[in-house]
$ cat entry-v2.cif   # mmCIF, C-alpha atoms
data_input
loop_
_atom_site.label_atom_id
_atom_site.label_comp_id
_atom_site.auth_asym_id
_atom_site.auth_seq_id
_atom_site.Cartn_x
_atom_site.Cartn_y
_atom_site.Cartn_z
CA MET A 1 74.73 85.99 110.75
CA LYS A 2 77.74 84.07 109.48
CA GLN A 3 80.95 85.90 108.62
CA LEU A 4 83.48 85.52 105.80
CA LEU A 5 87.03 86.89 105.68
CA PHE A 6 89.07 87.67 102.57
CA ILE A 7 92.84 87.92 103.08
CA GLY A 8 94.77 89.41 100.20
CA SER A 9 95.20 92.25 97.77
CA THR A 10 93.14 95.17 96.57
CA VAL A 11 94.68 96.91 93.57
CA ALA A 12 94.01 99.27 90.72
CA ASP A 13 93.58 97.27 87.52
CA VAL A 14 94.73 99.26 84.49
CA VAL A 15 92.87 97.44 81.72
CA VAL A 16 94.38 97.84 78.26
CA ARG A 17 92.61 96.32 75.25
CA ILE A 18 94.87 95.19 72.40
CA PRO A 19 94.28 92.89 69.40
CA PHE A 20 96.97 90.42 70.49
CA LEU A 21 100.12 90.27 72.62
CA PRO A 22 102.91 92.07 70.74
CA ARG A 23 106.21 90.59 69.71
CA THR A 24 109.47 92.24 70.76
CA GLY A 25 109.85 95.54 68.92
CA GLU A 26 106.33 95.54 67.52
CA ASP A 27 103.98 98.55 67.66
CA LEU A 28 100.28 98.08 68.50
CA HIS A 29 97.35 100.47 68.80
CA VAL A 30 95.42 100.31 72.07
CA SER A 31 91.68 100.19 71.34
CA ALA A 32 90.56 101.14 74.87
CA GLN A 33 91.88 101.70 78.38
CA HIS A 34 90.32 102.17 81.80
CA THR A 35 91.13 101.71 85.49
CA SER A 36 88.96 99.58 87.76
CA LEU A 37 89.07 98.13 91.26
CA GLY A 38 90.68 94.71 91.36
CA GLY A 39 92.91 92.31 93.25
CA CYS A 40 92.06 88.67 93.85
CA ALA A 41 90.84 89.05 97.43
CA CYS A 42 88.87 92.19 96.62
CA ASN A 43 87.22 90.57 93.60
CA ALA A 44 86.21 87.53 95.66
CA PHE A 45 84.96 89.77 98.47
CA LEU A 46 82.85 91.91 96.12
CA ALA A 47 81.20 88.80 94.69
CA ALA A 48 80.59 87.20 98.09
CA ARG A 49 78.90 90.21 99.61
CA ARG A 50 76.40 90.31 96.73
CA ALA A 51 75.91 86.57 96.27
CA GLY A 52 74.82 85.69 99.83
CA GLN A 53 73.76 86.87 103.27
CA ALA A 54 77.06 86.49 105.17
CA ALA A 55 78.83 89.52 106.60
CA CYS A 56 82.02 89.91 104.56
CA THR A 57 85.28 91.50 105.71
CA LEU A 58 88.08 92.52 103.34
CA PHE A 59 91.44 92.11 105.13
CA SER A 60 93.60 93.97 102.67
CA PRO A 61 96.42 96.53 103.06
CA VAL A 62 96.17 99.88 101.26
CA GLY A 63 99.40 101.74 100.72
CA SER A 64 100.48 105.25 99.77
CA GLY A 65 101.18 106.97 96.49
CA VAL A 66 99.04 107.47 93.41
CA TRP A 67 97.69 103.94 93.34
CA GLY A 68 97.17 103.71 97.09
CA ASP A 69 95.15 106.92 97.02
CA TRP A 70 93.13 105.64 94.07
CA VAL A 71 92.33 102.35 95.81
CA GLN A 72 91.42 104.11 99.07
CA GLY A 73 89.02 106.37 97.21
CA ALA A 74 87.46 103.46 95.34
CA LEU A 75 86.89 101.54 98.58
CA GLU A 76 85.40 104.57 100.33
CA LYS A 77 83.05 105.13 97.39
CA ARG A 78 81.72 101.60 97.93
CA GLY A 79 81.51 101.94 101.70
CA ILE A 80 84.24 99.33 102.26
CA ARG A 81 86.55 99.49 105.27
CA THR A 82 89.38 97.12 106.09
CA PRO A 83 90.59 96.37 109.67
CA ILE A 84 94.15 97.01 108.52
CA PRO A 85 95.47 100.58 109.10
CA ARG A 86 96.70 102.53 106.07
CA VAL A 87 100.40 101.89 105.47
CA GLN A 88 103.13 104.18 104.15
CA THR A 89 104.64 101.74 101.65
CA PRO A 90 103.49 102.64 98.10
CA SER A 91 100.80 100.52 96.50
CA GLY A 92 101.44 98.86 93.16
CA CYS A 93 99.00 98.20 90.34
CA CYS A 94 98.13 95.53 87.79
CA TYR A 95 98.29 96.09 84.04
CA CYS A 96 95.68 93.82 82.46
CA LEU A 97 96.30 93.24 78.76
CA VAL A 98 93.05 92.03 77.20
CA GLU A 99 93.15 90.53 73.70
CA ASP A 100 90.31 90.47 71.19
CA ASP A 101 89.21 86.99 72.33
CA GLY A 102 88.81 88.25 75.90
CA GLU A 103 91.82 86.41 77.34
CA ARG A 104 93.91 88.44 79.76
CA THR A 105 97.59 88.67 80.64
CA PHE A 106 98.64 90.36 83.88
CA LEU A 107 101.72 92.51 84.45
CA SER A 108 101.75 93.09 88.19
CA HIS A 109 103.76 95.67 90.09
CA HIS A 110 103.50 94.46 93.68
CA GLY A 111 103.49 96.96 96.52
CA ALA A 112 101.94 97.38 99.95
CA GLU A 113 98.82 95.45 98.97
CA TYR A 114 100.70 92.13 99.10
CA LEU A 115 102.68 92.64 102.32
CA PHE A 116 101.29 91.71 105.75
CA GLU A 117 102.30 92.35 109.35
CA ALA A 118 101.69 89.94 112.22
CA ALA A 119 100.22 92.65 114.48
CA TRP A 120 97.33 93.23 112.07
CA PHE A 121 95.90 89.80 112.85
CA ASP A 122 95.47 90.82 116.51
CA ALA A 123 92.40 92.80 115.41
CA ILE A 124 90.51 89.66 114.36
CA ASP A 125 89.90 86.08 115.48
CA LEU A 126 90.07 83.78 112.48
CA ARG A 127 87.88 81.24 114.29
CA ASP A 128 84.95 83.67 114.15
CA TYR A 129 84.60 83.19 110.41
CA ALA A 130 82.63 80.46 108.65
CA GLY A 131 85.05 80.77 105.75
CA VAL A 132 88.44 82.39 105.13
CA TYR A 133 89.82 83.14 101.66
CA LEU A 134 93.54 83.04 100.86
CA CYS A 135 95.31 83.66 97.54
CA GLY A 136 98.60 82.10 96.52
CA LEU A 137 100.15 85.46 95.61
CA GLU A 138 100.20 86.53 99.25
CA VAL A 139 101.69 83.17 100.28
CA GLU A 140 104.45 83.51 97.69
CA GLU A 141 105.41 87.01 98.86
CA THR A 142 108.13 87.74 101.43
CA THR A 143 105.56 88.10 104.24
CA GLY A 144 103.73 84.92 103.30
CA ASP A 145 105.02 83.22 106.43
CA VAL A 146 103.27 85.88 108.54
CA VAL A 147 99.92 85.01 107.01
CA ILE A 148 100.49 81.27 107.27
CA SER A 149 101.53 81.55 110.92
CA ALA A 150 98.34 83.45 111.73
CA LEU A 151 96.25 80.75 110.07
CA GLU A 152 98.15 78.04 111.93
CA SER A 153 97.62 79.74 115.30
CA GLU A 154 93.86 80.16 114.80
CA ALA A 155 92.89 77.49 112.29
CA PRO A 156 89.83 78.64 110.30
CA ARG A 157 86.74 76.46 110.28
CA ARG A 158 86.89 76.34 106.48
CA LEU A 159 89.85 77.73 104.56
CA TYR A 160 89.46 78.37 100.83
CA PHE A 161 92.79 78.51 99.00
CA ALA A 162 93.15 79.83 95.46
CA PRO A 163 96.83 79.25 94.62
CA GLY A 164 96.55 80.88 91.18
CA PRO A 165 98.75 80.53 88.10
CA ARG A 166 101.97 80.81 90.13
CA ILE A 167 101.18 77.67 92.14
CA CYS A 168 104.38 75.99 90.98
CA ARG A 169 106.48 79.00 92.07
CA ILE A 170 105.39 79.03 95.70
CA ARG A 171 108.22 77.66 97.83
CA PRO A 172 107.45 74.00 98.64
CA GLU A 173 107.79 74.50 102.40
CA LYS A 174 105.27 77.36 102.35
CA LEU A 175 102.85 75.43 100.18
CA ALA A 176 103.12 72.38 102.44
CA ARG A 177 102.16 74.47 105.47
CA VAL A 178 99.05 75.80 103.72
CA MET A 179 98.06 72.33 102.50
CA ALA A 180 98.43 71.02 106.06
CA LEU A 181 95.56 73.36 107.03
CA HIS A 182 93.24 71.19 104.86
CA PRO A 183 91.99 73.97 102.58
CA VAL A 184 89.28 73.73 99.96
CA LEU A 185 91.35 74.10 96.78
CA HIS A 186 90.04 76.30 93.97
CA LEU A 187 92.08 76.45 90.76
CA ASN A 188 91.65 76.25 87.00
CA ALA A 189 92.42 73.35 84.70
CA SER A 190 95.86 74.54 83.57
CA GLU A 191 96.93 75.22 87.18
CA ALA A 192 95.74 71.79 88.31
CA ALA A 193 97.51 70.08 85.42
CA ALA A 194 100.77 71.97 85.94
CA PHE A 195 100.89 71.16 89.64
CA THR A 196 99.88 67.50 89.46
CA GLY A 197 101.57 66.63 86.17
CA THR A 198 98.43 65.14 84.61
CA GLU A 199 95.98 66.52 82.04
CA GLU A 200 93.33 64.06 83.25
CA LEU A 201 91.46 66.39 85.55
CA ALA A 202 89.56 63.81 87.57
CA ARG A 203 92.90 62.23 88.43
CA ALA A 204 94.37 65.68 89.16
CA ALA A 205 91.51 66.40 91.53
CA GLY A 206 92.12 63.09 93.28
CA LEU A 207 95.81 63.87 93.72
CA LEU A 208 94.98 67.29 95.14
CA HIS A 209 92.42 65.76 97.50
CA ASP A 210 95.07 63.32 98.71
CA ILE A 211 97.22 66.30 99.72
CA THR A 212 94.55 68.37 101.49
CA ASP A 213 91.97 65.75 102.51
CA ASN A 214 89.29 68.27 101.54
CA ASP A 215 87.11 69.38 98.65
CA VAL A 216 88.57 70.41 95.29
CA VAL A 217 87.06 72.71 92.66
CA ILE A 218 88.68 72.95 89.22
CA THR A 219 87.15 75.58 86.94
CA LEU A 220 86.71 74.68 83.27
CA GLY A 221 85.67 77.95 81.66
CA GLU A 222 82.43 77.71 79.69
CA GLN A 223 82.27 73.98 80.46
CA GLY A 224 81.65 74.71 84.14
CA ALA A 225 83.66 73.23 86.98
CA LEU A 226 84.84 69.84 88.16
CA VAL A 227 84.01 69.20 91.81
CA LEU A 228 85.43 66.51 94.08
CA ASP A 229 83.79 66.27 97.50
CA GLY A 230 81.95 63.76 99.67
CA MET A 231 79.41 63.28 96.86
CA GLY A 232 82.12 62.09 94.47
CA CYS A 233 83.73 63.60 91.40
CA ARG A 234 81.56 65.25 88.76
CA VAL A 235 81.36 68.21 86.39
CA ILE A 236 78.86 70.96 87.19
CA PRO A 237 77.86 72.36 83.77
CA GLY A 238 78.66 75.96 82.90
CA VAL A 239 76.55 78.75 81.46
CA PRO A 240 77.09 80.07 77.90
CA ALA A 241 78.50 83.60 77.75
CA GLN A 242 79.77 86.09 75.21
CA VAL A 243 83.30 86.76 76.47
CA VAL A 244 84.31 90.41 76.84
CA ASP A 245 87.22 89.70 79.17
CA THR A 246 88.07 87.05 81.75
CA ILE A 247 89.39 89.40 84.45
CA GLY A 248 88.20 88.35 87.91
CA ALA A 249 86.06 85.43 86.74
CA GLY A 250 87.85 82.89 88.93
CA ASP A 251 87.85 85.26 91.91
CA ALA A 252 84.11 85.85 91.59
CA HIS A 253 83.62 82.09 91.30
CA ILE A 254 85.29 81.27 94.61
CA GLY A 255 83.71 84.27 96.36
CA THR A 256 80.27 83.09 95.29
CA ILE A 257 80.98 79.55 96.47
CA MET A 258 81.98 80.87 99.89
CA ALA A 259 78.81 82.98 100.18
CA ALA A 260 76.53 80.17 99.03
CA GLU A 261 78.08 77.63 101.39
CA ALA A 262 77.79 80.11 104.28
CA ASP A 263 74.08 80.33 103.41
CA GLY A 264 73.81 76.56 103.82
CA LEU A 265 74.01 75.32 100.23
CA PRO A 266 75.99 72.13 99.52
CA LEU A 267 79.12 72.60 97.45
CA GLY A 268 77.55 71.30 94.23
CA GLU A 269 74.73 73.86 94.35
CA ALA A 270 77.15 76.59 95.38
CA VAL A 271 79.20 75.85 92.24
CA GLN A 272 76.06 76.00 90.10
CA LEU A 273 75.47 79.56 91.28
CA ALA A 274 79.18 80.38 90.95
CA ASN A 275 79.13 79.21 87.32
CA ARG A 276 76.33 81.68 86.60
CA VAL A 277 78.18 84.50 88.30
CA SER A 278 81.48 83.87 86.52
CA ALA A 279 79.65 83.69 83.16
CA ALA A 280 78.22 87.13 83.90
CA VAL A 281 81.68 88.43 84.87
CA VAL A 282 83.31 87.32 81.61
CA SER A 283 80.51 88.98 79.66
CA THR A 284 81.24 92.29 81.44
CA ALA A 285 84.27 94.58 81.14
CA GLY A 286 86.35 94.29 84.32
CA ALA A 287 85.92 92.15 87.40
CA GLU A 288 83.06 93.96 89.15
CA LEU A 289 79.47 93.26 88.14
CA PRO A 290 77.07 96.23 88.04
CA GLU A 291 73.95 96.07 90.19
CA GLU A 292 71.61 95.23 87.30
CA LYS A 293 73.75 92.22 86.38
CA TRP A 294 73.56 90.91 89.94
CA THR A 295 69.79 91.30 89.90
CA GLU A 296 69.62 89.36 86.65
CA VAL A 297 71.95 86.57 87.75
CA LEU A 298 70.42 86.03 91.20
CA GLY A 299 66.89 86.30 89.81
CA GLY A 300 67.61 83.68 87.17
CA TRP A 301 69.23 81.44 89.79
CA ARG A 302 66.25 81.62 92.12
CA ALA A 303 63.81 81.00 89.28
CA ALA A 304 65.76 77.92 88.15
CA ARG A 305 65.60 76.44 91.68
CA THR A 306 61.82 76.77 92.09
#
$ encode --input "entry-v2.cif" --output "structure tokens"
Amino acid sequence: MKQLLFIGSTVADVVVRIPFLPRTGEDLHVSAQHTSLGGCACNAFLAARRAGQAACTLFSPVGSGVWGDWVQGALEKRGIRTPIPRVQTPSGCCYCLVEDDGERTFLSHHGAEYLFEAAWFDAIDLRDYAGVYLCGLEVEETTGDVVISALESEAPRRLYFAPGPRICRIRPEKLARVMALHPVLHLNASEAAAFTGTEELARAAGLLHDITDNDVVITLGEQGALVLDGMGCRVIPGVPAQVVDTIGAGDAHIGTIMAAEADGLPLGEAVQLANRVSAAVVSTAGAELPEEKWTEVLGGWRAART
């Protein structure tokens, strides 16, 4: 059985629903609030372990304090264990402000979940994994060099890099080291445009490919995703969805791609499945799909392929 590794954060998402983002000094009524398991790496991991057959490992620190205890309990409830020992630094959390149109804005308080130690990587061999996930938030952090050095010393067979909306804030020398590992890039249209300086996404994908010499996936929301690989550049159509919130949709998309590729699907077909999964995620509150949604999505996918 193939294995997948997800390096990054697991956090408590405090989801707050508001009609719109307030102006300075304005008062708003919150229509709903709940706490759910989140974090980019965790979201991708949760999707991957349901979307395919690969054995998935979440390589994510859990800290102390109220939020660390909450995350630890949520992981134990799901039967998830990480190779990283529990740390004493307090965990942070993420406040997810969700507007009436489903768009989200994150206010992140970073803690132990984003900080890595070199010794932790002694417990694994990165070359054992068919795919390794990495988020840009961990690269940007103060211990980003620790993670990059581990990847450089045991280069993964296929590295998937999701730089995220802060792609332009990652120090250039750090970003260059990650790009030199030839990752599969996964980012959305606004991130691709901001980094490459062009709104023409096929050109943006080409520029990104020139940097990494590997495949590029640019998500387009309900329109699907643009893919550039050995088969050329094309748009894989999306799936219509009634948007509840967009939390975790991109994470679930890349996690599904990793699982599908590990199961032997070519990238284009993997993205087709990922588009279905992310459509289901945006039509559900929070980042984690319930079991019945997974049954529906995977059943519809299998039926469409026969």
$ resolve_selection --input "entry-v2.cif" --expression "the PyMOL selection byres ((chain A and resi 115) around 10)" --output "list in words"
Gly8, Ser9, Ser60, Pro61, Val62, Gly63, Thr89, Ser91, His110, Gly111, Ala112, Glu113, Tyr114, Phe116, Glu117, Glu138, Val139, Glu141, Thr142, Thr143, Gly144, Val146 and Val147 of chain A
$ resolve_selection --input "entry-v2.cif" --expression "the PyMOL selection byres ((chain A and resi 157) around 6)" --output "ChimeraX atom specification"
/A:130,156,158
$ write_last_selection --input "entry-v2.cif" --atoms "C-alpha atoms" --output "mmCIF file, in the frame of the given file"
data_model
loop_
_atom_site.group_PDB
_atom_site.id
_atom_site.type_symbol
_atom_site.label_atom_id
_atom_site.label_comp_id
_atom_site.auth_asym_id
_atom_site.auth_seq_id
_atom_site.Cartn_x
_atom_site.Cartn_y
_atom_site.Cartn_z
ATOM 1 C CA ALA A 130 82.630 80.460 108.650
ATOM 2 C CA PRO A 156 89.830 78.640 110.300
ATOM 3 C CA ARG A 158 86.890 76.340 106.480
#
$ closest_residue --input "entry-v2.cif" --among "A:Lys2, A:Arg302, A:Arg23, A:His34" --to "Val98 in chain A" --atoms "all atoms listed in the file"
A:His34
$ closest_residue --input "entry-v2.cif" --among "A:Val184, A:Val15, A:Ala162, A:Ala54" --to "Thr105 in chain A" --atoms "all atoms listed in the file"
A:Val15
$ atom_distance --input "entry-v2.cif" --atom1 "CA of Arg171 in chain A" --atom2 "CA of Asp145 in chain A"
10.7 Å
$ closest_residue --input "entry-v2.cif" --among "A:Cys96, A:Cys40, A:Leu159, A:Val227" --to "Ala285 in chain A" --atoms "only C-alpha atoms"
A:Cys96
$ atom_distance --input "entry-v2.cif" --atom1 "CA of Leu208 in chain A" --atom2 "CA of Tyr133 in chain A"
17.9 Å
$ axis_aligned_box --input "entry-v2.cif" --around "range 69-79 of chain A" --padding-each-side "8 Å" --output "JSON"
{"center_x": 88.3, "center_y": 104.2, "center_z": 97.9, "size_x": 29.6, "size_y": 21.4, "size_z": 23.6}
$ residues_near_point --input "entry-v2.cif" --point "(105.4, 71.4, 89.2)" --cutoff "9 Å" --atoms "all atoms listed in the file" --output "ChimeraX atom specification"
/A:167-169,193-197
$ closest_residue --input "entry-v2.cif" --among "A:Ala304, A:Val14, A:Ala189, A:Ala47" --to "Phe106 in chain A" --atoms "all atoms listed in the file"
A:Val14
$ atom_distance --input "entry-v2.cif" --atom1 "CA of Asp213 in chain A" --atom2 "CA of Met179 in chain A"
9.0 Å
$ residues_around --input "entry-v2.cif" --residues "Leu75 in chain A" --least-positions-apart "6" --cutoff "12 Å" --atoms "all atoms listed in the file" --output "ChimeraX atom specification"
/A:10-12,36-38,42,45-46,58,60-62,68-69,81-82
$ residues_around --input "entry-v2.cif" --residues "Ala279 in chain A" --least-positions-apart "4" --cutoff "10 Å" --atoms "all atoms listed in the file" --output "list in words"
Gly221, Glu222, Gly224, Gly238, Val239, Pro240, Ala241, Gln242, Val243, Thr246, Ala249, Ala252, His253, Ala274, Asn275, Ser283, Thr284 and Val297 of chain A
$ write_last_selection --input "entry-v2.cif" --atoms "C-alpha atoms" --output "mmCIF file, in the coordinates of the input"
data_model
loop_
_atom_site.group_PDB
_atom_site.id
_atom_site.type_symbol
_atom_site.label_atom_id
_atom_site.label_comp_id
_atom_site.auth_asym_id
_atom_site.auth_seq_id
_atom_site.Cartn_x
_atom_site.Cartn_y
_atom_site.Cartn_z
ATOM 1 C CA GLY A 221 85.670 77.950 81.660
ATOM 2 C CA GLU A 222 82.430 77.710 79.690
ATOM 3 C CA GLY A 224 81.650 74.710 84.140
ATOM 4 C CA GLY A 238 78.660 75.960 82.900
ATOM 5 C CA VAL A 239 76.550 78.750 81.460
ATOM 6 C CA PRO A 240 77.090 80.070 77.900
ATOM 7 C CA ALA A 241 78.500 83.600 77.750
ATOM 8 C CA GLN A 242 79.770 86.090 75.210
ATOM 9 C CA VAL A 243 83.300 86.760 76.470
ATOM 10 C CA THR A 246 88.070 87.050 81.750
ATOM 11 C CA ALA A 249 86.060 85.430 86.740
ATOM 12 C CA ALA A 252 84.110 85.850 91.590
ATOM 13 C CA HIS A 253 83.620 82.090 91.300
ATOM 14 C CA ALA A 274 79.180 80.380 90.950
ATOM 15 C CA ASN A 275 79.130 79.210 87.320
ATOM 16 C CA SER A 283 80.510 88.980 79.660
ATOM 17 C CA THR A 284 81.240 92.290 81.440
ATOM 18 C CA VAL A 297 71.950 86.570 87.750
#
$ closest_residue --input "entry-v2.cif" --among "A:Val282, A:Leu151, A:Ala225, A:Ile257" --to "Arg50 in chain A" --atoms "all atoms listed in the file"
A:Ile257
$ resolve_selection --input "entry-v2.cif" --expression "the PyMOL selection byres ((chain A and resi 294) around 12)" --output "mmCIF file with C-alpha atoms, in the frame of the given file"
data_model
loop_
_atom_site.group_PDB
_atom_site.id
_atom_site.type_symbol
_atom_site.label_atom_id
_atom_site.label_comp_id
_atom_site.auth_asym_id
_atom_site.auth_seq_id
_atom_site.Cartn_x
_atom_site.Cartn_y
_atom_site.Cartn_z
ATOM 1 C CA LEU A 46 82.850 91.910 96.120
ATOM 2 C CA ALA A 47 81.200 88.800 94.690
ATOM 3 C CA ALA A 48 80.590 87.200 98.090
ATOM 4 C CA ARG A 49 78.900 90.210 99.610
ATOM 5 C CA ARG A 50 76.400 90.310 96.730
ATOM 6 C CA ALA A 51 75.910 86.570 96.270
ATOM 7 C CA GLY A 52 74.820 85.690 99.830
ATOM 8 C CA ALA A 252 84.110 85.850 91.590
ATOM 9 C CA THR A 256 80.270 83.090 95.290
ATOM 10 C CA LEU A 273 75.470 79.560 91.280
ATOM 11 C CA ALA A 274 79.180 80.380 90.950
ATOM 12 C CA ARG A 276 76.330 81.680 86.600
ATOM 13 C CA VAL A 277 78.180 84.500 88.300
ATOM 14 C CA SER A 278 81.480 83.870 86.520
ATOM 15 C CA ALA A 279 79.650 83.690 83.160
ATOM 16 C CA ALA A 280 78.220 87.130 83.900
ATOM 17 C CA VAL A 281 81.680 88.430 84.870
ATOM 18 C CA THR A 284 81.240 92.290 81.440
ATOM 19 C CA GLU A 288 83.060 93.960 89.150
ATOM 20 C CA LEU A 289 79.470 93.260 88.140
ATOM 21 C CA PRO A 290 77.070 96.230 88.040
ATOM 22 C CA GLU A 291 73.950 96.070 90.190
ATOM 23 C CA GLU A 292 71.610 95.230 87.300
ATOM 24 C CA LYS A 293 73.750 92.220 86.380
ATOM 25 C CA THR A 295 69.790 91.300 89.900
ATOM 26 C CA GLU A 296 69.620 89.360 86.650
ATOM 27 C CA VAL A 297 71.950 86.570 87.750
ATOM 28 C CA LEU A 298 70.420 86.030 91.200
ATOM 29 C CA GLY A 299 66.890 86.300 89.810
ATOM 30 C CA GLY A 300 67.610 83.680 87.170
ATOM 31 C CA TRP A 301 69.230 81.440 89.790
#
$ residues_around --input "entry-v2.cif" --residues "Phe121 in chain A" --least-positions-apart "5" --cutoff "9 Å" --atoms "only C-alpha atoms" --output "list of chain:residue names"
A:Ile84, A:Leu126, A:Val147, A:Ala150
$ closest_residue --input "entry-v2.cif" --among "A:Asp263, A:Glu26, A:Asp122, A:Asp215" --to "Tyr160 in chain A" --atoms "only C-alpha atoms"
A:Asp215
$ residues_around --input "entry-v2.cif" --residues "Ala192 in chain A" --least-positions-apart "6" --cutoff "12 Å" --atoms "all atoms listed in the file" --output "JSON, numbers by chain"
{"A": [162, 163, 164, 165, 166, 167, 168, 185, 186, 198, 199, 200, 201, 202, 203, 204, 205, 206, 207, 208, 209, 216, 217, 218, 219, 220, 226]}
